[in-house]
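So this one's model-v3.txt, compact mmCIF, C-alpha atoms:
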# COMPACT_ATOMS: atom_id res chain seq x y z
CA MET A 1 -14.55 -3.23 -20.41
CA SER A 2 -16.54 -3.76 -17.23
CA ALA A 3 -18.33 -7.08 -16.83
CA ILE A 4 -21.02 -5.41 -14.69
CA GLY A 5 -23.97 -3.32 -15.89
CA ILE A 6 -26.25 -0.91 -14.01
CA GLY A 7 -28.96 -3.49 -13.27
CA GLN A 8 -26.40 -6.00 -12.06
CA ALA A 9 -24.78 -3.30 -9.91
CA VAL A 10 -28.13 -2.65 -8.20
CA ILE A 11 -28.59 -6.35 -7.44
CA LEU A 12 -25.04 -6.72 -6.14
CA GLY A 13 -25.46 -3.56 -4.05
CA ILE A 14 -28.57 -5.03 -2.42
CA VAL A 15 -26.81 -8.33 -1.74
CA GLU A 16 -23.79 -6.53 -0.29
CA GLY A 17 -25.92 -4.28 1.90
CA VAL A 18 -28.03 -7.11 3.28
CA THR A 19 -25.18 -9.55 3.93
CA GLU A 20 -22.11 -7.48 4.81
CA PHE A 21 -22.83 -7.35 8.53
CA LEU A 22 -25.06 -10.38 8.91
CA PRO A 23 -23.03 -13.50 9.80
CA VAL A 24 -23.84 -15.19 6.49
CA SER A 25 -20.84 -14.15 4.34
CA SER A 26 -21.28 -11.22 1.99
CA THR A 27 -18.40 -12.49 -0.16
CA GLY A 28 -20.07 -15.87 -0.52
CA HIS A 29 -23.44 -14.38 -1.45
CA LEU A 30 -21.84 -11.95 -3.91
CA LYS A 31 -19.93 -14.75 -5.63
CA ILE A 32 -23.06 -16.90 -5.84
CA THR A 33 -25.07 -13.97 -7.23
CA GLU A 34 -22.34 -13.14 -9.74
CA GLY A 35 -22.21 -16.77 -10.83
CA LEU A 36 -25.98 -16.95 -11.33
CA MET A 37 -25.86 -13.75 -13.40
CA GLY A 38 -23.05 -15.12 -15.54
CA ILE A 39 -20.47 -12.65 -14.22
CA PRO A 40 -16.93 -14.15 -14.05
CA VAL A 41 -16.18 -14.23 -10.31
CA ASP A 42 -12.40 -14.35 -10.81
CA ASP A 43 -12.26 -11.39 -13.21
CA LYS A 44 -10.02 -8.70 -11.70
CA SER A 45 -12.55 -5.96 -12.40
CA VAL A 46 -15.29 -7.97 -10.68
CA VAL A 47 -13.14 -8.68 -7.62
CA ALA A 48 -12.30 -4.98 -7.41
CA PHE A 49 -15.96 -3.98 -7.89
CA THR A 50 -17.16 -6.11 -4.98
CA ALA A 51 -14.42 -4.72 -2.74
CA VAL A 52 -15.27 -1.12 -3.59
CA ILE A 53 -19.04 -1.38 -3.02
CA GLN A 54 -18.22 -2.53 0.52
CA VAL A 55 -17.36 1.11 1.17
CA GLY A 56 -21.08 1.87 0.90
CA ALA A 57 -21.80 -0.60 3.68
CA ILE A 58 -18.97 0.83 5.77
CA ALA A 59 -20.36 4.33 5.25
CA ALA A 60 -23.62 3.03 6.69
CA VAL A 61 -21.74 1.93 9.82
CA LEU A 62 -20.09 5.33 10.11
CA VAL A 63 -23.46 7.06 9.93
CA TYR A 64 -25.27 4.61 12.22
CA PHE A 65 -22.55 4.73 14.91
CA PHE A 66 -21.59 8.35 14.31
CA LYS A 67 -22.09 9.44 17.94
CA ASP A 68 -20.11 6.47 19.27
CA ILE A 69 -17.30 7.06 16.79
CA VAL A 70 -17.11 10.76 17.67
CA ARG A 71 -17.03 9.88 21.39
CA ILE A 72 -14.24 7.33 20.90
CA MET A 73 -12.17 9.59 18.64
CA ALA A 74 -12.60 12.53 21.02
CA ALA A 75 -11.36 10.37 23.90
CA TRP A 76 -8.42 9.25 21.77
CA GLY A 77 -7.54 12.84 20.91
CA ARG A 78 -7.74 13.92 24.56
CA GLY A 79 -5.55 11.00 25.54
CA LEU A 80 -2.89 11.90 23.00
CA ALA A 81 -2.78 15.43 24.37
CA ASN A 82 -3.19 14.67 28.07
CA ARG A 83 -1.66 11.67 29.84
CA GLU A 84 -4.29 11.82 32.59
CA GLU A 85 -7.02 11.04 30.03
CA ARG A 86 -5.41 7.78 28.95
CA HIS A 87 -7.18 5.70 31.60
CA HIS A 88 -10.48 6.17 29.77
CA HIS A 89 -11.84 3.01 28.15
CA ASP A 90 -12.69 4.82 24.91
CA TYR A 91 -9.07 6.01 24.53
CA LYS A 92 -7.79 2.47 24.99
CA PHE A 93 -10.47 1.06 22.69
CA ALA A 94 -9.36 3.36 19.84
CA TRP A 95 -5.83 1.98 20.08
CA TRP A 96 -7.14 -1.58 20.30
CA VAL A 97 -9.01 -1.17 17.02
CA ILE A 98 -5.80 0.05 15.39
CA TYR A 99 -3.73 -2.81 16.81
CA ALA A 100 -6.36 -5.42 15.91
CA THR A 101 -6.45 -4.24 12.30
CA ILE A 102 -2.73 -4.79 11.68
CA PRO A 103 -2.85 -8.63 11.35
CA ILE A 104 -5.52 -8.64 8.63
CA VAL A 105 -3.72 -5.89 6.70
CA VAL A 106 -0.45 -7.86 6.73
CA VAL A 107 -2.12 -11.12 5.69
CA GLY A 108 -4.31 -9.39 3.11
CA LEU A 109 -1.33 -7.79 1.35
CA ALA A 110 0.79 -10.94 1.54
CA ALA A 111 -1.90 -13.32 0.31
CA LYS A 112 -3.61 -11.00 -2.21
CA PRO A 113 -2.69 -13.06 -5.32
CA LEU A 114 -3.95 -16.27 -3.69
CA ILE A 115 -7.14 -14.60 -2.41
CA GLU A 116 -7.98 -13.36 -5.90
CA SER A 117 -7.32 -16.69 -7.60
CA THR A 118 -7.37 -20.11 -5.92
CA LEU A 119 -9.27 -19.03 -2.80
CA ALA A 120 -11.99 -17.37 -4.89
CA SER A 121 -13.37 -20.79 -5.87
CA LEU A 122 -17.06 -21.37 -5.16
CA TRP A 123 -16.15 -24.81 -3.78
CA ILE A 124 -14.25 -23.04 -1.02
CA VAL A 125 -17.18 -20.68 -0.48
CA ALA A 126 -19.57 -23.61 -0.04
CA GLY A 127 -17.27 -25.46 2.35
CA SER A 128 -16.56 -22.32 4.37
CA LEU A 129 -20.27 -21.58 4.73
CA ILE A 130 -20.87 -25.01 6.25
CA VAL A 131 -17.73 -25.17 8.42
CA GLY A 132 -18.27 -21.61 9.63
CA SER A 133 -21.81 -22.56 10.66
CA GLY A 134 -20.38 -25.20 12.98
CA LEU A 135 -18.15 -22.60 14.62
CA MET A 136 -21.06 -20.20 15.07
CA TRP A 137 -23.25 -22.86 16.66
CA ALA A 138 -20.47 -24.00 19.01
CA ALA A 139 -19.64 -20.41 19.99
CA ASP A 140 -23.27 -19.65 20.80
CA GLN A 141 -23.44 -22.75 22.99
CA MET A 142 -20.11 -22.14 24.71
CA GLY A 143 -20.53 -18.42 25.38
CA ARG A 144 -21.88 -17.37 28.74
CA HIS A 145 -22.87 -13.88 27.48
CA ARG A 146 -21.87 -12.18 30.74
CA ARG A 147 -19.51 -9.40 29.59
CA GLY A 148 -20.65 -6.09 28.13
CA GLU A 149 -18.98 -3.61 25.82
CA GLN A 150 -17.23 -1.78 28.67
CA ASP A 151 -15.69 -5.09 29.76
CA THR A 152 -13.77 -5.62 26.53
CA THR A 153 -9.98 -5.75 26.71
CA LEU A 154 -6.99 -5.57 24.36
CA LYS A 155 -6.96 -9.38 24.32
CA ASP A 156 -10.59 -9.44 23.16
CA ALA A 157 -9.93 -6.93 20.39
CA MET A 158 -6.82 -8.74 19.15
CA LEU A 159 -8.45 -12.17 19.08
CA VAL A 160 -11.59 -10.88 17.41
CA GLY A 161 -9.51 -8.82 14.97
CA CYS A 162 -7.34 -11.79 14.03
CA SER A 163 -10.44 -13.92 13.43
CA GLN A 164 -11.19 -11.68 10.43
CA ILE A 165 -8.34 -13.47 8.66
CA LEU A 166 -10.50 -16.60 8.44
CA ALA A 167 -13.01 -14.78 6.25
CA LEU A 168 -10.23 -13.16 4.22
CA LEU A 169 -8.65 -16.49 3.31
CA PHE A 170 -11.85 -18.52 3.12
CA PRO A 171 -14.64 -16.51 1.44
CA GLY A 172 -17.88 -17.90 2.72
CA PHE A 173 -16.66 -18.10 6.31
CA SER A 174 -18.01 -14.58 6.94
CA ARG A 175 -16.08 -11.79 8.62
CA SER A 176 -19.08 -10.97 10.79
CA GLY A 177 -19.62 -14.64 11.61
CA ALA A 178 -15.98 -15.17 12.57
CA THR A 179 -15.73 -12.02 14.69
CA MET A 180 -19.08 -12.47 16.43
CA SER A 181 -18.33 -16.12 17.16
CA THR A 182 -14.96 -15.23 18.65
CA GLY A 183 -16.62 -12.58 20.79
CA LEU A 184 -19.14 -15.13 22.08
CA ILE A 185 -16.36 -17.61 22.90
CA LEU A 186 -14.77 -14.82 24.94
CA ASP A 187 -18.07 -14.59 26.88
CA LEU A 188 -19.17 -11.26 25.46
CA GLU A 189 -22.89 -10.58 25.26
CA ARG A 190 -24.34 -10.97 21.78
CA VAL A 191 -24.90 -7.23 21.34
CA ALA A 192 -21.39 -6.43 22.64
CA ALA A 193 -19.86 -9.02 20.30
CA THR A 194 -21.86 -7.63 17.39
CA ARG A 195 -20.89 -4.01 18.08
CA LEU A 196 -17.21 -5.00 18.44
CA SER A 197 -17.48 -6.74 15.07
CA PHE A 198 -18.82 -3.53 13.54
CA PHE A 199 -16.08 -1.32 14.95
CA LEU A 200 -13.28 -3.68 13.91
CA GLY A 201 -14.74 -3.91 10.43
CA ILE A 202 -14.55 -0.16 9.79
CA PRO A 203 -10.78 0.22 9.15
CA ALA A 204 -10.31 -3.21 7.56
CA LEU A 205 -13.15 -2.95 5.03
CA THR A 206 -12.63 0.75 4.31
CA GLY A 207 -8.95 0.13 3.65
CA ALA A 208 -9.73 -2.81 1.35
CA GLY A 209 -12.25 -0.77 -0.63
CA LEU A 210 -9.97 2.22 -1.10
CA TYR A 211 -7.02 -0.04 -1.96
CA GLU A 212 -9.06 -1.77 -4.67
CA LEU A 213 -10.47 1.47 -6.09
CA LYS A 214 -7.51 2.15 -8.34
CA ASP A 215 -7.55 -1.46 -9.55
CA ALA A 216 -11.29 -1.26 -10.22
CA ILE A 217 -10.91 1.78 -12.46
CA GLY A 218 -7.70 0.45 -14.01
CA ALA A 219 -9.31 -2.91 -14.75
CA GLY A 220 -12.04 -1.26 -16.82
CA VAL A 221 -14.88 -0.97 -14.30
CA ASP A 222 -17.39 1.63 -15.48
CA PRO A 223 -17.60 4.34 -12.76
CA LEU A 224 -21.42 4.59 -13.04
CA PRO A 225 -22.20 0.97 -12.00
CA LEU A 226 -19.58 1.35 -9.27
CA ILE A 227 -21.31 4.46 -7.88
CA VAL A 228 -24.76 2.90 -8.16
CA GLY A 229 -23.70 -0.31 -6.42
CA THR A 230 -22.03 1.63 -3.62
CA LEU A 231 -25.05 3.88 -3.00
CA VAL A 232 -27.46 0.94 -2.97
CA SER A 233 -25.24 -0.99 -0.55
CA PHE A 234 -25.18 2.05 1.77
CA VAL A 235 -28.97 2.35 2.01
CA VAL A 236 -29.59 -1.37 2.41
CA ALA A 237 -26.72 -1.87 4.86
CA TYR A 238 -28.03 0.89 7.16
CA ALA A 239 -31.37 -0.92 7.47
CA SER A 240 -29.58 -4.24 7.93
CA ILE A 241 -27.47 -2.90 10.82
CA ALA A 242 -30.51 -1.56 12.65
CA TRP A 243 -32.34 -4.87 12.22
CA LEU A 244 -29.38 -7.02 13.32
CA LEU A 245 -28.77 -5.16 16.59
CA LYS A 246 -32.44 -5.55 17.53
CA PHE A 247 -32.43 -9.22 16.52
CA VAL A 248 -29.33 -10.31 18.49
CA ALA A 249 -30.62 -8.59 21.62
CA LYS A 250 -33.37 -11.21 21.88
CA HIS A 251 -32.32 -14.17 19.73
CA SER A 252 -29.46 -16.65 19.32
CA PHE A 253 -27.53 -17.12 16.07
CA ASN A 254 -29.24 -20.44 15.33
CA ALA A 255 -31.34 -19.01 12.50
CA PHE A 256 -28.17 -17.86 10.74
CA VAL A 257 -26.54 -21.26 11.30
CA VAL A 258 -29.43 -23.08 9.63
CA TYR A 259 -29.54 -20.58 6.77
CA ARG A 260 -25.79 -20.83 6.12
CA ILE A 261 -25.89 -24.62 6.01
CA ALA A 262 -28.83 -24.52 3.59
CA VAL A 263 -27.02 -22.07 1.29
CA GLY A 264 -23.80 -24.10 1.48
CA VAL A 265 -25.59 -27.34 0.58
CA LEU A 266 -27.50 -25.59 -2.23
CA LEU A 267 -24.26 -24.20 -3.62
CA LEU A 268 -22.63 -27.63 -3.54
CA GLY A 269 -25.63 -28.97 -5.47
CA LEU A 270 -25.42 -26.20 -8.09
CA LEU A 271 -21.70 -26.81 -8.54
CA GLY A 272 -22.07 -30.57 -8.62
CA THR A 273 -24.77 -30.44 -11.31
CA GLY A 274 -22.91 -27.92 -13.42
CA VAL A 275 -25.47 -25.12 -13.00
CA LEU A 276 -22.61 -23.01 -11.61
CA THR A 277 -18.91 -23.29 -12.32
CA ALA A 278 -16.34 -22.83 -9.58

Go ahead and render the structure in this file as structure tokens.
Amino acid sequence: MSAIGIGQAVILGIVEGVTEFLPVSSTGHLKITEGLMGIPVDDKSVVAFTAVIQVGAIAAVLVYFFKDIVRIMAAWGRGLANREERHHHDYKFAWWVIYATIPIVVVGLAAKPLIESTLASLWIVAGSLIVGSGLMWAADQMGRHRRGEQDTTLKDAMLVGCSQILALLFPGFSRSGATMSTGLILDLERVAATRLSFFLGIPALTGAGLYELKDAIGAGVDPLPLIVGTLVSFVVAYASIAWLLKFVAKHSFNAFVVYRIAVGVLLLGLLGTGVLTA
């Protein structure tokens, strides 16, 4: 039977929606929330549930960036049909997203048993939150923020795409944090780095959610909490995306760095005192 009820699904949907695209680690926050609610974080049905409700957040990205996605896919389609259209940046960008998704798919499938067991420990989440904060701070200091979205290259997409592996293997590191930090190191503007993070997250997170769907149902997850959690994550994530893009246009990532360190230290304290178990 499912370890998650309707009320818990609502709470987890809110946490997922708020944190999925903020550089604070949605996986880390979900695991902390599950632990505080007494939900077994390493239960297969719980792992599958959290992966599936990510689809709600991804749907929010699809809706929010619908015009951009249509423009990019149209350019890709024209390029496939007409060689003369292949010089267009949007056509190239569509291929770059595909190429940049391959590494995380390969690693995700190969390391799935480890990701769902040993690497799911809250000790790793706490450590990754703190270490990832150092990377974010360094990236924000190093980056010269001089390149826009139209200046991105295949190299940028591949490096940013591969950085998603850090969050896959070390929950708490944050996929958004890793990708945005890599973009800043490559001298992308904060908004450009953030938008690239969004686009690269679409195939990776959608694929993960759909892949886990059969396991979620097979592991005994009640469809109703799953639907509720996904819908809540969609609504909250849409608002979170709009807020983040406005925030990074005028602010550094320092506020997120401080917050992540505070959460990491708090989690270490909860684990050390036995309030939470790893």

Practice prompt. Provide the atom CA of A:Pro23 to atom CA of A:Phe256 distance in Å, to one decimal place.
Written response: 6.8 Å

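Distances here use only C-alpha atoms; by that measure, the residue among A:Val18, A:Leu270, A:Val55, A:Val106 closest to A:Tyr238 is A:Val18.
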
Fill in: Selected residue of minimal separation from A:Thr152 among A:Ile102, A:Val97, A:Ala110, A:Ser181, counting only C-alpha atoms
A:Val97

Give as a PDB file with C-alpha atoms, keeping the file's coordinate frame each residue that has an atom at most 12 Å from (-25.7, 0.8, -7.3) in the file, counting only C-alpha atoms.
ATOM      1  CA  ILE A   4     -21.020  -5.410 -14.690  1.00  0.00           C
ATOM      2  CA  GLY A   5     -23.970  -3.320 -15.890  1.00  0.00           C
ATOM      3  CA  ILE A   6     -26.250  -0.910 -14.010  1.00  0.00           C
ATOM      4  CA  GLY A   7     -28.960  -3.490 -13.270  1.00  0.00           C
ATOM      5  CA  GLN A   8     -26.400  -6.000 -12.060  1.00  0.00           C
ATOM      6  CA  ALA A   9     -24.780  -3.300  -9.910  1.00  0.00           C
ATOM      7  CA  VAL A  10     -28.130  -2.650  -8.200  1.00  0.00           C
ATOM      8  CA  ILE A  11     -28.590  -6.350  -7.440  1.00  0.00           C
ATOM      9  CA  LEU A  12     -25.040  -6.720  -6.140  1.00  0.00           C
ATOM     10  CA  GLY A  13     -25.460  -3.560  -4.050  1.00  0.00           C
ATOM     11  CA  ILE A  14     -28.570  -5.030  -2.420  1.00  0.00           C
ATOM     12  CA  VAL A  15     -26.810  -8.330  -1.740  1.00  0.00           C
ATOM     13  CA  GLU A  16     -23.790  -6.530  -0.290  1.00  0.00           C
ATOM     14  CA  GLY A  17     -25.920  -4.280   1.900  1.00  0.00           C
ATOM     15  CA  PHE A  49     -15.960  -3.980  -7.890  1.00  0.00           C
ATOM     16  CA  THR A  50     -17.160  -6.110  -4.980  1.00  0.00           C
ATOM     17  CA  VAL A  52     -15.270  -1.120  -3.590  1.00  0.00           C
ATOM     18  CA  ILE A  53     -19.040  -1.380  -3.020  1.00  0.00           C
ATOM     19  CA  GLN A  54     -18.220  -2.530   0.520  1.00  0.00           C
ATOM     20  CA  VAL A  55     -17.360   1.110   1.170  1.00  0.00           C
ATOM     21  CA  GLY A  56     -21.080   1.870   0.900  1.00  0.00           C
ATOM     22  CA  ALA A  57     -21.800  -0.600   3.680  1.00  0.00           C
ATOM     23  CA  ASP A 222     -17.390   1.630 -15.480  1.00  0.00           C
ATOM     24  CA  PRO A 223     -17.600   4.340 -12.760  1.00  0.00           C
ATOM     25  CA  LEU A 224     -21.420   4.590 -13.040  1.00  0.00           C
ATOM     26  CA  PRO A 225     -22.200   0.970 -12.000  1.00  0.00           C
ATOM     27  CA  LEU A 226     -19.580   1.350  -9.270  1.00  0.00           C
ATOM     28  CA  ILE A 227     -21.310   4.460  -7.880  1.00  0.00           C
ATOM     29  CA  VAL A 228     -24.760   2.900  -8.160  1.00  0.00           C
ATOM     30  CA  GLY A 229     -23.700  -0.310  -6.420  1.00  0.00           C
ATOM     31  CA  THR A 230     -22.030   1.630  -3.620  1.00  0.00           C
ATOM     32  CA  LEU A 231     -25.050   3.880  -3.000  1.00  0.00           C
ATOM     33  CA  VAL A 232     -27.460   0.940  -2.970  1.00  0.00           C
ATOM     34  CA  SER A 233     -25.240  -0.990  -0.550  1.00  0.00           C
ATOM     35  CA  PHE A 234     -25.180   2.050   1.770  1.00  0.00           C
ATOM     36  CA  VAL A 235     -28.970   2.350   2.010  1.00  0.00           C
ATOM     37  CA  VAL A 236     -29.590  -1.370   2.410  1.00  0.00           C
TER      38      VAL A 236
END

Fill in: Selected residue of minimal separation from A:Leu122 among A:Asn254, A:Ser240, A:Thr33, A:Thr19, counting all atoms listed in the file
A:Thr33

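Closest approach to A:Leu271 from the set A:Ala193, A:Thr101, A:Lys44, A:Gly127 is made by A:Gly127, with distances taken over only C-alpha atoms.
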
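Relative to atom CA of A:Ala262, atom CA of A:Ala51 is found at 25.3 Å.
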
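Distance check against A:Leu245 using all atoms listed in the file: of A:Arg190, A:Arg260, A:Arg146, A:His87, the minimum falls on A:Arg190.
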
Fill in: 9 Å contact set for A:Cys162, only C-alpha atoms, chain neighbours under 5 positions out, as a PyMOL selection string
chain A and resi 100-104+157+179

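Here atom CA of A:Leu210 and atom CA of A:Thr194 stand 24.1 Å from one another.
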
Practice prompt. May I have the residues within 7 Å of A:Leu129 as a list of chain:residue names, using all atoms listed in the file and disregarding those fewer than 4 positions away in the same chain?
Written response: A:Val125, A:Ser133, A:Gly172, A:Phe173, A:Arg260, A:Ile261, A:Gly264

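Between A:Leu135 and the residues A:Gly274, A:Gly148, A:Gly108, A:Gly183, the shortest atom-to-atom distance, using all atoms listed in the file, involves A:Gly183.
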